[in-house]
file final-v7.cif (mmCIF, N, CA and C atoms)
data_query
loop_
_atom_site.label_atom_id
_atom_site.label_comp_id
_atom_site.auth_asym_id
_atom_site.auth_seq_id
_atom_site.Cartn_x
_atom_site.Cartn_y
_atom_site.Cartn_z
N MET A 1 -50.97 175.05 47.50
CA MET A 1 -51.30 176.34 48.08
C MET A 1 -52.55 176.24 48.95
N ASN A 2 -53.58 175.50 48.45
CA ASN A 2 -54.81 175.34 49.20
C ASN A 2 -54.58 174.56 50.49
N LYS A 3 -53.65 173.60 50.46
CA LYS A 3 -53.34 172.83 51.66
C LYS A 3 -52.72 173.73 52.72
N ILE A 4 -51.82 174.61 52.31
CA ILE A 4 -51.18 175.54 53.23
C ILE A 4 -52.22 176.47 53.85
N LEU A 5 -53.11 177.00 53.03
CA LEU A 5 -54.18 177.88 53.55
C LEU A 5 -55.10 177.11 54.49
N GLY A 6 -55.40 175.87 54.18
CA GLY A 6 -56.25 175.03 55.03
C GLY A 6 -55.62 174.79 56.38
N ILE A 7 -54.32 174.49 56.37
CA ILE A 7 -53.59 174.25 57.63
C ILE A 7 -53.51 175.54 58.43
N LEU A 8 -53.22 176.65 57.77
CA LEU A 8 -53.16 177.94 58.45
C LEU A 8 -54.51 178.30 59.07
N PHE A 9 -55.59 178.07 58.34
CA PHE A 9 -56.92 178.34 58.86
C PHE A 9 -57.21 177.47 60.09
N ALA A 10 -56.86 176.19 60.02
CA ALA A 10 -57.09 175.28 61.15
C ALA A 10 -56.32 175.73 62.38
N VAL A 11 -55.09 176.17 62.21
CA VAL A 11 -54.27 176.65 63.33
C VAL A 11 -54.91 177.90 63.94
N ILE A 12 -55.36 178.81 63.11
CA ILE A 12 -56.00 180.04 63.60
C ILE A 12 -57.25 179.71 64.41
N VAL A 13 -58.07 178.79 63.91
CA VAL A 13 -59.29 178.40 64.61
C VAL A 13 -58.94 177.77 65.95
N LEU A 14 -57.97 176.86 65.98
CA LEU A 14 -57.59 176.21 67.23
C LEU A 14 -57.05 177.21 68.24
N VAL A 15 -56.23 178.13 67.81
CA VAL A 15 -55.66 179.13 68.71
C VAL A 15 -56.77 180.03 69.25
N SER A 16 -57.68 180.46 68.41
CA SER A 16 -58.74 181.36 68.88
C SER A 16 -59.69 180.64 69.83
N CYS A 17 -59.98 179.38 69.60
CA CYS A 17 -60.84 178.62 70.51
C CYS A 17 -60.14 178.40 71.84
N ASN A 18 -58.86 178.10 71.80
CA ASN A 18 -58.10 177.83 73.01
C ASN A 18 -57.93 179.09 73.85
N SER A 19 -57.85 180.26 73.23
CA SER A 19 -57.65 181.50 73.99
C SER A 19 -58.87 181.84 74.84
N GLN A 20 -60.04 181.37 74.48
CA GLN A 20 -61.25 181.63 75.25
C GLN A 20 -61.44 180.63 76.38
N LYS A 21 -60.66 179.57 76.41
CA LYS A 21 -60.80 178.53 77.42
C LYS A 21 -60.64 179.10 78.83
N VAL A 22 -59.73 180.05 79.01
CA VAL A 22 -59.49 180.62 80.33
C VAL A 22 -60.77 181.26 80.88
N TYR A 23 -61.65 181.72 80.01
CA TYR A 23 -62.87 182.39 80.46
C TYR A 23 -64.03 181.44 80.72
N SER A 24 -63.88 180.17 80.40
CA SER A 24 -64.97 179.23 80.62
C SER A 24 -64.60 178.09 81.57
N ASP A 25 -63.34 177.83 81.76
CA ASP A 25 -62.89 176.70 82.57
C ASP A 25 -62.37 177.21 83.91
N PHE A 26 -63.27 177.37 84.89
CA PHE A 26 -62.87 177.89 86.20
C PHE A 26 -63.72 177.28 87.29
N ASP A 27 -63.23 177.34 88.53
CA ASP A 27 -63.98 176.90 89.71
C ASP A 27 -64.67 178.09 90.36
N ILE A 28 -64.00 179.23 90.34
CA ILE A 28 -64.49 180.44 90.99
C ILE A 28 -64.27 181.61 90.03
N SER A 29 -65.29 182.45 89.88
CA SER A 29 -65.09 183.66 89.09
C SER A 29 -65.65 184.86 89.84
N TYR A 30 -64.93 185.95 89.70
CA TYR A 30 -65.33 187.25 90.26
C TYR A 30 -65.24 188.22 89.10
N SER A 31 -66.33 188.92 88.83
CA SER A 31 -66.36 189.80 87.68
C SER A 31 -67.04 191.11 88.05
N ARG A 32 -66.38 192.22 87.74
CA ARG A 32 -66.97 193.56 87.90
C ARG A 32 -66.96 194.21 86.53
N ASN A 33 -68.10 194.80 86.15
CA ASN A 33 -68.12 195.50 84.87
C ASN A 33 -69.27 196.49 84.82
N GLY A 34 -69.15 197.40 83.86
CA GLY A 34 -70.19 198.39 83.63
C GLY A 34 -69.79 199.77 84.10
N GLY A 35 -70.78 200.60 84.27
CA GLY A 35 -70.57 201.97 84.73
C GLY A 35 -70.64 202.97 83.60
N MET A 36 -70.67 204.23 83.97
CA MET A 36 -70.74 205.32 82.98
C MET A 36 -69.49 205.32 82.11
N SER A 37 -68.35 205.08 82.73
CA SER A 37 -67.09 204.93 82.02
C SER A 37 -66.71 203.46 82.22
N PRO A 38 -67.15 202.57 81.34
CA PRO A 38 -67.11 201.13 81.60
C PRO A 38 -65.75 200.58 82.00
N ILE A 39 -65.79 199.66 82.95
CA ILE A 39 -64.62 198.87 83.34
C ILE A 39 -64.99 197.40 83.21
N TYR A 40 -63.98 196.58 83.04
CA TYR A 40 -64.14 195.14 82.96
C TYR A 40 -63.03 194.52 83.79
N GLU A 41 -63.39 193.90 84.90
CA GLU A 41 -62.41 193.29 85.80
C GLU A 41 -62.85 191.86 86.05
N ASN A 42 -61.93 190.92 85.87
CA ASN A 42 -62.23 189.50 86.06
C ASN A 42 -61.12 188.83 86.85
N LEU A 43 -61.53 187.98 87.77
CA LEU A 43 -60.61 187.09 88.48
C LEU A 43 -61.20 185.70 88.34
N LEU A 44 -60.47 184.83 87.65
CA LEU A 44 -60.91 183.45 87.43
C LEU A 44 -59.94 182.51 88.11
N ILE A 45 -60.47 181.58 88.89
CA ILE A 45 -59.62 180.66 89.65
C ILE A 45 -59.98 179.23 89.28
N LYS A 46 -58.97 178.46 88.94
CA LYS A 46 -59.11 177.03 88.65
C LYS A 46 -58.02 176.32 89.44
N GLY A 47 -58.41 175.57 90.47
CA GLY A 47 -57.41 174.95 91.35
C GLY A 47 -56.62 176.06 92.03
N ASN A 48 -55.30 176.02 91.88
CA ASN A 48 -54.44 177.05 92.44
C ASN A 48 -53.98 178.06 91.39
N ASN A 49 -54.52 177.97 90.19
CA ASN A 49 -54.16 178.90 89.13
C ASN A 49 -55.22 179.99 89.03
N ALA A 50 -54.76 181.22 88.92
CA ALA A 50 -55.68 182.36 88.81
C ALA A 50 -55.31 183.20 87.59
N HIS A 51 -56.33 183.73 86.97
CA HIS A 51 -56.16 184.64 85.83
C HIS A 51 -56.90 185.92 86.18
N TYR A 52 -56.19 187.03 86.10
CA TYR A 52 -56.77 188.33 86.40
C TYR A 52 -56.68 189.22 85.16
N SER A 53 -57.75 189.94 84.89
CA SER A 53 -57.71 190.91 83.80
C SER A 53 -58.50 192.15 84.20
N PHE A 54 -58.01 193.29 83.76
CA PHE A 54 -58.68 194.57 84.00
C PHE A 54 -58.56 195.40 82.75
N GLU A 55 -59.67 196.02 82.37
CA GLU A 55 -59.65 196.94 81.25
C GLU A 55 -60.62 198.07 81.54
N GLY A 56 -60.14 199.28 81.43
CA GLY A 56 -60.99 200.44 81.65
C GLY A 56 -60.18 201.62 82.12
N GLN A 57 -60.77 202.80 82.08
CA GLN A 57 -60.12 204.02 82.54
C GLN A 57 -58.77 204.21 81.85
N GLY A 58 -58.70 203.78 80.59
CA GLY A 58 -57.47 203.93 79.81
C GLY A 58 -56.37 202.94 80.18
N LYS A 59 -56.70 201.92 80.96
CA LYS A 59 -55.70 200.95 81.40
C LYS A 59 -56.11 199.55 80.97
N LYS A 60 -55.09 198.72 80.77
CA LYS A 60 -55.28 197.30 80.45
C LYS A 60 -54.24 196.51 81.24
N HIS A 61 -54.68 195.44 81.88
CA HIS A 61 -53.75 194.62 82.64
C HIS A 61 -54.25 193.18 82.65
N LYS A 62 -53.36 192.26 82.36
CA LYS A 62 -53.65 190.82 82.44
C LYS A 62 -52.51 190.16 83.19
N GLN A 63 -52.86 189.22 84.03
CA GLN A 63 -51.81 188.52 84.78
C GLN A 63 -52.31 187.17 85.24
N ASP A 64 -51.46 186.17 85.13
CA ASP A 64 -51.71 184.86 85.69
C ASP A 64 -50.84 184.72 86.93
N PHE A 65 -51.39 184.09 87.97
CA PHE A 65 -50.62 183.87 89.19
C PHE A 65 -51.13 182.63 89.92
N LYS A 66 -50.35 182.17 90.86
CA LYS A 66 -50.74 181.04 91.70
C LYS A 66 -51.39 181.59 92.96
N ILE A 67 -52.47 180.97 93.36
CA ILE A 67 -53.14 181.36 94.59
C ILE A 67 -52.89 180.25 95.61
N SER A 68 -52.55 180.64 96.83
CA SER A 68 -52.18 179.65 97.84
C SER A 68 -53.40 178.91 98.38
N ASN A 69 -53.16 177.71 98.89
CA ASN A 69 -54.23 176.94 99.52
C ASN A 69 -54.82 177.72 100.69
N GLU A 70 -53.96 178.45 101.39
CA GLU A 70 -54.41 179.26 102.53
C GLU A 70 -55.40 180.34 102.07
N ASP A 71 -55.08 181.02 100.97
CA ASP A 71 -55.98 182.04 100.44
C ASP A 71 -57.31 181.43 99.97
N LEU A 72 -57.23 180.26 99.35
CA LEU A 72 -58.46 179.59 98.91
C LEU A 72 -59.31 179.18 100.10
N LYS A 73 -58.65 178.68 101.14
CA LYS A 73 -59.38 178.27 102.36
C LYS A 73 -60.03 179.50 103.02
N LYS A 74 -59.29 180.59 103.07
CA LYS A 74 -59.82 181.82 103.66
C LYS A 74 -61.02 182.34 102.86
N LEU A 75 -60.93 182.28 101.54
CA LEU A 75 -62.03 182.71 100.69
C LEU A 75 -63.25 181.83 100.92
N ASP A 76 -63.04 180.52 100.98
CA ASP A 76 -64.14 179.59 101.21
C ASP A 76 -64.80 179.84 102.57
N GLN A 77 -63.98 180.12 103.59
CA GLN A 77 -64.52 180.44 104.92
C GLN A 77 -65.34 181.71 104.88
N THR A 78 -64.86 182.72 104.18
CA THR A 78 -65.59 183.99 104.07
C THR A 78 -66.93 183.76 103.38
N LEU A 79 -66.93 182.97 102.31
CA LEU A 79 -68.18 182.67 101.60
C LEU A 79 -69.16 181.95 102.54
N SER A 80 -68.66 180.98 103.30
CA SER A 80 -69.52 180.23 104.23
C SER A 80 -70.02 181.10 105.38
N GLN A 81 -69.12 181.84 106.01
CA GLN A 81 -69.49 182.67 107.15
C GLN A 81 -70.50 183.75 106.78
N ASN A 82 -70.47 184.20 105.53
CA ASN A 82 -71.38 185.26 105.09
C ASN A 82 -72.56 184.72 104.28
N ASN A 83 -72.80 183.41 104.41
CA ASN A 83 -73.96 182.77 103.79
C ASN A 83 -74.13 183.12 102.32
N PHE A 84 -73.07 182.93 101.55
CA PHE A 84 -73.09 183.26 100.12
C PHE A 84 -74.33 182.71 99.42
N ARG A 85 -74.64 181.46 99.66
CA ARG A 85 -75.75 180.82 98.95
C ARG A 85 -77.11 181.39 99.34
N ARG A 86 -77.19 182.04 100.49
CA ARG A 86 -78.48 182.57 100.96
C ARG A 86 -78.67 184.05 100.67
N ILE A 87 -77.66 184.69 100.13
CA ILE A 87 -77.80 186.12 99.82
C ILE A 87 -78.92 186.30 98.80
N GLU A 88 -79.80 187.24 99.10
CA GLU A 88 -80.93 187.50 98.22
C GLU A 88 -80.67 188.75 97.39
N GLU A 89 -80.93 188.60 96.10
CA GLU A 89 -80.76 189.72 95.18
C GLU A 89 -82.08 190.48 95.09
N ASP A 90 -81.98 191.79 95.02
CA ASP A 90 -83.15 192.64 94.85
C ASP A 90 -83.56 192.57 93.39
N ARG A 91 -84.71 193.05 93.05
CA ARG A 91 -85.19 193.02 91.66
C ARG A 91 -85.34 194.41 91.07
N LYS A 92 -84.80 195.43 91.73
CA LYS A 92 -84.88 196.79 91.21
C LYS A 92 -84.03 196.90 89.95
N LYS A 93 -84.44 197.74 89.05
CA LYS A 93 -83.68 197.97 87.83
C LYS A 93 -82.66 199.08 88.06
N LEU A 94 -81.41 198.81 87.76
CA LEU A 94 -80.34 199.80 87.86
C LEU A 94 -79.67 199.91 86.50
N TYR A 95 -79.31 201.12 86.16
CA TYR A 95 -78.64 201.35 84.88
C TYR A 95 -77.35 202.10 85.12
N ASP A 96 -76.38 201.89 84.25
CA ASP A 96 -75.08 202.56 84.33
C ASP A 96 -74.40 202.36 85.67
N ASN A 97 -74.56 201.20 86.23
CA ASN A 97 -73.98 200.87 87.52
C ASN A 97 -72.88 199.83 87.32
N ILE A 98 -71.82 199.92 88.10
CA ILE A 98 -70.80 198.86 88.06
C ILE A 98 -71.36 197.70 88.86
N THR A 99 -71.48 196.56 88.22
CA THR A 99 -72.04 195.39 88.89
C THR A 99 -70.97 194.34 89.12
N THR A 100 -71.18 193.57 90.15
CA THR A 100 -70.26 192.49 90.49
C THR A 100 -71.02 191.18 90.46
N SER A 101 -70.42 190.18 89.83
CA SER A 101 -70.99 188.84 89.78
C SER A 101 -69.97 187.85 90.31
N ILE A 102 -70.44 186.91 91.10
CA ILE A 102 -69.59 185.86 91.65
C ILE A 102 -70.23 184.53 91.29
N ASN A 103 -69.40 183.61 90.76
CA ASN A 103 -69.89 182.30 90.36
C ASN A 103 -68.95 181.25 90.97
N ILE A 104 -69.51 180.38 91.80
CA ILE A 104 -68.75 179.30 92.43
C ILE A 104 -69.28 178.00 91.83
N LYS A 105 -68.40 177.25 91.16
CA LYS A 105 -68.85 176.05 90.45
C LYS A 105 -68.73 174.76 91.24
N LYS A 106 -68.01 174.77 92.38
CA LYS A 106 -67.92 173.52 93.13
C LYS A 106 -67.69 173.82 94.61
N GLY A 107 -68.03 172.86 95.42
CA GLY A 107 -67.86 173.01 96.87
C GLY A 107 -69.16 173.38 97.56
N PRO A 108 -69.11 173.55 98.87
CA PRO A 108 -70.32 173.81 99.65
C PRO A 108 -70.97 175.16 99.35
N ASN A 109 -70.24 176.08 98.74
CA ASN A 109 -70.77 177.40 98.43
C ASN A 109 -71.17 177.55 96.97
N GLU A 110 -71.38 176.43 96.30
CA GLU A 110 -71.70 176.46 94.88
C GLU A 110 -72.93 177.33 94.63
N GLY A 111 -72.78 178.24 93.68
CA GLY A 111 -73.90 179.11 93.34
C GLY A 111 -73.42 180.32 92.58
N SER A 112 -74.37 181.17 92.23
CA SER A 112 -74.06 182.37 91.47
C SER A 112 -74.88 183.52 92.04
N LYS A 113 -74.21 184.65 92.29
CA LYS A 113 -74.86 185.84 92.83
C LYS A 113 -74.35 187.07 92.11
N THR A 114 -75.21 188.08 92.02
CA THR A 114 -74.82 189.34 91.41
C THR A 114 -75.53 190.49 92.11
N ASP A 115 -74.90 191.64 92.07
CA ASP A 115 -75.55 192.83 92.62
C ASP A 115 -76.04 193.75 91.49
N ALA A 116 -76.29 193.16 90.33
CA ALA A 116 -76.75 193.93 89.18
C ALA A 116 -78.06 194.68 89.49
N SER A 117 -78.88 194.11 90.33
CA SER A 117 -80.12 194.76 90.76
C SER A 117 -80.07 195.04 92.26
N MET A 118 -78.88 195.18 92.77
CA MET A 118 -78.63 195.40 94.19
C MET A 118 -78.83 194.10 94.97
N VAL A 119 -78.50 194.15 96.25
CA VAL A 119 -78.65 193.03 97.16
C VAL A 119 -79.65 193.48 98.21
N MET A 120 -80.49 192.57 98.67
CA MET A 120 -81.48 192.94 99.69
C MET A 120 -80.77 193.54 100.90
N PRO A 121 -81.35 194.57 101.52
CA PRO A 121 -80.69 195.31 102.60
C PRO A 121 -80.13 194.45 103.74
N ASN A 122 -80.81 193.39 104.12
CA ASN A 122 -80.31 192.58 105.23
C ASN A 122 -79.12 191.69 104.84
N PHE A 123 -78.68 191.74 103.57
CA PHE A 123 -77.52 190.97 103.13
C PHE A 123 -76.37 191.86 102.65
N THR A 124 -76.50 193.17 102.75
CA THR A 124 -75.46 194.06 102.22
C THR A 124 -74.13 193.90 102.93
N THR A 125 -74.14 193.67 104.24
CA THR A 125 -72.89 193.47 104.98
C THR A 125 -72.22 192.17 104.55
N ASN A 126 -73.02 191.12 104.40
CA ASN A 126 -72.47 189.83 103.94
C ASN A 126 -71.82 189.98 102.57
N TRP A 127 -72.52 190.65 101.66
CA TRP A 127 -72.03 190.86 100.30
C TRP A 127 -70.73 191.68 100.33
N ALA A 128 -70.71 192.73 101.13
CA ALA A 128 -69.51 193.57 101.24
C ALA A 128 -68.32 192.77 101.77
N ASN A 129 -68.54 191.89 102.73
CA ASN A 129 -67.46 191.06 103.27
C ASN A 129 -66.91 190.11 102.20
N ILE A 130 -67.79 189.55 101.40
CA ILE A 130 -67.36 188.64 100.32
C ILE A 130 -66.58 189.41 99.26
N LEU A 131 -67.07 190.58 98.88
CA LEU A 131 -66.35 191.40 97.89
C LEU A 131 -64.98 191.79 98.40
N SER A 132 -64.88 192.10 99.69
CA SER A 132 -63.59 192.46 100.29
C SER A 132 -62.60 191.30 100.22
N ALA A 133 -63.08 190.08 100.39
CA ALA A 133 -62.20 188.91 100.31
C ALA A 133 -61.61 188.77 98.92
N PHE A 134 -62.43 188.98 97.89
CA PHE A 134 -61.92 188.91 96.52
C PHE A 134 -60.95 190.06 96.24
N GLN A 135 -61.29 191.26 96.68
CA GLN A 135 -60.39 192.40 96.46
C GLN A 135 -59.06 192.20 97.17
N GLU A 136 -59.08 191.55 98.33
CA GLU A 136 -57.84 191.27 99.05
C GLU A 136 -56.95 190.33 98.25
N ILE A 137 -57.54 189.32 97.64
CA ILE A 137 -56.76 188.40 96.79
C ILE A 137 -56.14 189.17 95.62
N ILE A 138 -56.93 190.03 95.00
CA ILE A 138 -56.42 190.83 93.87
C ILE A 138 -55.30 191.74 94.34
N THR A 139 -55.52 192.46 95.42
CA THR A 139 -54.52 193.40 95.94
C THR A 139 -53.21 192.69 96.30
N ASN A 140 -53.31 191.52 96.91
CA ASN A 140 -52.12 190.81 97.37
C ASN A 140 -51.37 190.06 96.27
N ASN A 141 -52.01 189.81 95.14
CA ASN A 141 -51.39 188.96 94.12
C ASN A 141 -51.13 189.63 92.78
N VAL A 142 -51.80 190.71 92.48
CA VAL A 142 -51.66 191.34 91.18
C VAL A 142 -50.59 192.42 91.25
N LYS A 143 -49.62 192.28 90.39
CA LYS A 143 -48.53 193.26 90.31
C LYS A 143 -49.00 194.48 89.52
N ASN A 144 -48.47 195.65 89.85
CA ASN A 144 -48.86 196.89 89.18
C ASN A 144 -50.37 197.02 89.17
N ASN A 145 -50.94 196.89 90.34
CA ASN A 145 -52.39 196.88 90.49
C ASN A 145 -53.07 197.92 89.62
N LYS A 146 -53.79 197.46 88.64
CA LYS A 146 -54.58 198.26 87.70
C LYS A 146 -53.84 199.50 87.35
#
call {"tool": "encode", "arguments": {"input": "final-v7.cif", "output": "structure tokens"}}
result
Amino acid sequence: MNKILGILFAVIVLVSCNSQKVYSDFDISYSRNGGMSPIYENLLIKGNNAHYSFEGQGKKHKQDFKISNEDLKKLDQTLSQNNFRRIEEDRKKLYDNITTSINIKKGPNEGSKTDASMVMPNFTTNWANILSAFQEIITNNVKNNK
């Protein structure tokens, strides 16, 4: 009986550890969360595989999909053209705001940026262009959009 419980426990631990892998093993991540009525939106990309999740406003949606090389190239160009690595974050304190974080783990645009404390005024257009590129990927690939 103890052996069966031990094996069952080991399986549960392995499954629970493996289920979190999608949230840590990525090349590109886009995350929006927070607000007065909290939302949680994530787009994680590893190679050509993408994982999208949304939770909030009484809705839940998860979907895995393939992202084309063309879309990845377009995203990389948008990040480069809008100087992703040079965007400066402001240091003002904001509360109850929906914030967006972008984390690029490899390539020429490697870095991490967030608008949790806003973005400096001279970079707001660049930031908006980058956010639009991610939203375009979500809109074009996610079925039953949120």
call {"tool": "atom_distance", "arguments": {"input": "final-v7.cif", "atom1": "atom C of Asn42 (chain A)", "atom2": "atom N of Thr139 (chain A)"}}
result
10.9 Å
call {"tool": "residues_around", "arguments": {"input": "final-v7.cif", "residues": "region 54-60 of chain A", "least_positions_apart": "5", "cutoff": "10 Å", "atoms": "only C-alpha atoms", "output": "count of residues only"}}
result
13
call {"tool": "resolve_selection", "arguments": {"input": "final-v7.cif", "expression": "the PyMOL selection byres ((chain A and resi 50-52) around 6.5)", "output": "PDB file with N, CA and C atoms, keeping the file's coordinate frame"}}
result
ATOM      1  N   ASN A  42     -61.930 190.920  85.870  1.00  0.00           N
ATOM      2  CA  ASN A  42     -62.230 189.500  86.060  1.00  0.00           C
ATOM      3  C   ASN A  42     -61.120 188.830  86.850  1.00  0.00           C
ATOM      4  N   LEU A  43     -61.530 187.980  87.770  1.00  0.00           N
ATOM      5  CA  LEU A  43     -60.610 187.090  88.480  1.00  0.00           C
ATOM      6  C   LEU A  43     -61.200 185.700  88.340  1.00  0.00           C
ATOM      7  N   LEU A  44     -60.470 184.830  87.650  1.00  0.00           N
ATOM      8  CA  LEU A  44     -60.910 183.450  87.430  1.00  0.00           C
ATOM      9  C   LEU A  44     -59.940 182.510  88.110  1.00  0.00           C
ATOM     10  N   ILE A  45     -60.470 181.580  88.890  1.00  0.00           N
ATOM     11  CA  ILE A  45     -59.620 180.660  89.650  1.00  0.00           C
ATOM     12  C   ILE A  45     -59.980 179.230  89.280  1.00  0.00           C
ATOM     13  N   LYS A  46     -58.970 178.460  88.940  1.00  0.00           N
ATOM     14  CA  LYS A  46     -59.110 177.030  88.650  1.00  0.00           C
ATOM     15  C   LYS A  46     -58.020 176.320  89.440  1.00  0.00           C
ATOM     16  N   GLY A  47     -58.410 175.570  90.470  1.00  0.00           N
ATOM     17  CA  GLY A  47     -57.410 174.950  91.350  1.00  0.00           C
ATOM     18  C   GLY A  47     -56.620 176.060  92.030  1.00  0.00           C
ATOM     19  N   ASN A  48     -55.300 176.020  91.880  1.00  0.00           N
ATOM     20  CA  ASN A  48     -54.440 177.050  92.440  1.00  0.00           C
ATOM     21  C   ASN A  48     -53.980 178.060  91.390  1.00  0.00           C
ATOM     22  N   ASN A  49     -54.520 177.970  90.190  1.00  0.00           N
ATOM     23  CA  ASN A  49     -54.160 178.900  89.130  1.00  0.00           C
ATOM     24  C   ASN A  49     -55.220 179.990  89.030  1.00  0.00           C
ATOM     25  N   SER A  53     -57.750 189.940  84.890  1.00  0.00           N
ATOM     26  CA  SER A  53     -57.710 190.910  83.800  1.00  0.00           C
ATOM     27  C   SER A  53     -58.500 192.150  84.200  1.00  0.00           C
ATOM     28  N   PHE A  54     -58.010 193.290  83.760  1.00  0.00           N
ATOM     29  CA  PHE A  54     -58.680 194.570  84.000  1.00  0.00           C
ATOM     30  C   PHE A  54     -58.560 195.400  82.750  1.00  0.00           C
ATOM     31  N   HIS A  61     -54.680 195.440  81.880  1.00  0.00           N
ATOM     32  CA  HIS A  61     -53.750 194.620  82.640  1.00  0.00           C
ATOM     33  C   HIS A  61     -54.250 193.180  82.650  1.00  0.00           C
ATOM     34  N   LYS A  62     -53.360 192.260  82.360  1.00  0.00           N
ATOM     35  CA  LYS A  62     -53.650 190.820  82.440  1.00  0.00           C
ATOM     36  C   LYS A  62     -52.510 190.160  83.190  1.00  0.00           C
ATOM     37  N   GLN A  63     -52.860 189.220  84.030  1.00  0.00           N
ATOM     38  CA  GLN A  63     -51.810 188.520  84.780  1.00  0.00           C
ATOM     39  C   GLN A  63     -52.310 187.170  85.240  1.00  0.00           C
ATOM     40  N   ASP A  64     -51.460 186.170  85.130  1.00  0.00           N
ATOM     41  CA  ASP A  64     -51.710 184.860  85.690  1.00  0.00           C
ATOM     42  C   ASP A  64     -50.840 184.720  86.930  1.00  0.00           C
ATOM     43  N   PHE A  65     -51.390 184.090  87.970  1.00  0.00           N
ATOM     44  CA  PHE A  65     -50.620 183.870  89.190  1.00  0.00           C
ATOM     45  C   PHE A  65     -51.130 182.630  89.920  1.00  0.00           C
ATOM     46  N   LYS A  66     -50.350 182.170  90.860  1.00  0.00           N
ATOM     47  CA  LYS A  66     -50.740 181.040  91.700  1.00  0.00           C
ATOM     48  C   LYS A  66     -51.390 181.590  92.960  1.00  0.00           C
ATOM     49  N   ILE A  67     -52.470 180.970  93.360  1.00  0.00           N
ATOM     50  CA  ILE A  67     -53.140 181.360  94.590  1.00  0.00           C
ATOM     51  C   ILE A  67     -52.890 180.250  95.610  1.00  0.00           C
TER      52      ILE A  67
END
call {"tool": "select_by_dssp", "arguments": {"input": "final-v7.cif", "residues": "chain A", "states": "strand (DSSP E)", "output": "PyMOL selection string"}}
result
chain A and resi 28-34+39-46+49-56+59-66+98-104+111-114
call {"tool": "atom_distance", "arguments": {"input": "final-v7.cif", "atom1": "CA of Leu131 (chain A)", "atom2": "atom C of Ser101 (chain A)"}}
result
9.1 Å
call {"tool": "resolve_selection", "arguments": {"input": "final-v7.cif", "expression": "the PyMOL selection byres ((chain A and resi 79-81) around 8)", "output": "VMD selection string"}}
result
chain A and resid 73 to 78 82 to 85 108 to 109 126 129 to 130 133
call {"tool": "select_by_dssp", "arguments": {"input": "final-v7.cif", "residues": "region 36-115 of chain A", "states": "helix (DSSP H, G or I)", "output": "list in words"}}
result
Asn69, Glu70, Asp71, Leu72, Lys73, Lys74, Leu75, Asp76, Gln77, Thr78, Leu79, Ser80, Gln81, Phe84, Arg85 and Arg86 of chain A
call {"tool": "resolve_selection", "arguments": {"input": "final-v7.cif", "expression": "the PyMOL selection byres (((chain A and resi 115 and name CA) around 8) and name CA)", "output": "list in words"}}
result
Glu89, Asp90, Thr99, Thr100, Ser101, Lys113, Thr114, Ala116, Ser117, Met118 and Val119 of chain A
call {"tool": "closest_residue", "arguments": {"input": "final-v7.cif", "among": "A:Ile87, A:Ile138, A:Ile98, A:Leu72", "to": "Gly35 (chain A)", "atoms": "all atoms listed in the file"}}
result
A:Ile98
call {"tool": "atom_distance", "arguments": {"input": "final-v7.cif", "atom1": "atom C of Asp71 (chain A)", "atom2": "CA of Ser112 (chain A)"}}
result
18.8 Å
call {"tool": "residues_around", "arguments": {"input": "final-v7.cif", "residues": "Lys105 (chain A)", "least_positions_apart": "2", "cutoff": "8 Å", "atoms": "all atoms listed in the file", "output": "VMD selection string"}}
result
chain A and resid 26 to 29 102 to 103 107 to 112
call {"tool": "axis_aligned_box", "arguments": {"input": "final-v7.cif", "around": "region 54-63 of chain A", "padding_each_side": "8 Å", "output": "lines of an AutoDock Vina configuration file"}}
result
center_x = -56.4
center_y = 195.7
center_z = 82.5
size_x = 25.2
size_y = 33.0
size_z = 21.4
call {"tool": "decode", "arguments": {"input": "final-v7.cif", "residues": "region 37-46 of chain A", "atoms": "N, CA and C atoms", "output": "compact mmCIF listing (two decimals), in the first residue's frame"}}
result
# COMPACT_ATOMS: atom_id res chain seq x y z
N SER A 37 -10.20 45.55 -11.72
CA SER A 37 -10.84 44.26 -11.91
C SER A 37 -9.77 43.41 -12.60
N PRO A 38 -8.92 42.73 -11.83
CA PRO A 38 -7.69 42.13 -12.37
C PRO A 38 -7.88 41.23 -13.58
N ILE A 39 -6.94 41.36 -14.51
CA ILE A 39 -6.82 40.45 -15.64
C ILE A 39 -5.41 39.88 -15.65
N TYR A 40 -5.28 38.73 -16.26
CA TYR A 40 -3.99 38.07 -16.41
C TYR A 40 -3.93 37.55 -17.84
N GLU A 41 -3.05 38.13 -18.64
CA GLU A 41 -2.91 37.73 -20.04
C GLU A 41 -1.45 37.44 -20.30
N ASN A 42 -1.16 36.28 -20.87
CA ASN A 42 0.22 35.88 -21.15
C ASN A 42 0.32 35.30 -22.55
N LEU A 43 1.39 35.68 -23.24
CA LEU A 43 1.77 35.08 -24.51
C LEU A 43 3.22 34.68 -24.35
N LEU A 44 3.48 33.38 -24.41
CA LEU A 44 4.83 32.84 -24.27
C LEU A 44 5.21 32.16 -25.57
N ILE A 45 6.39 32.49 -26.08
CA ILE A 45 6.84 31.94 -27.37
C ILE A 45 8.17 31.24 -27.17
N LYS A 46 8.25 30.01 -27.64
CA LYS A 46 9.48 29.22 -27.63
C LYS A 46 9.63 28.64 -29.03
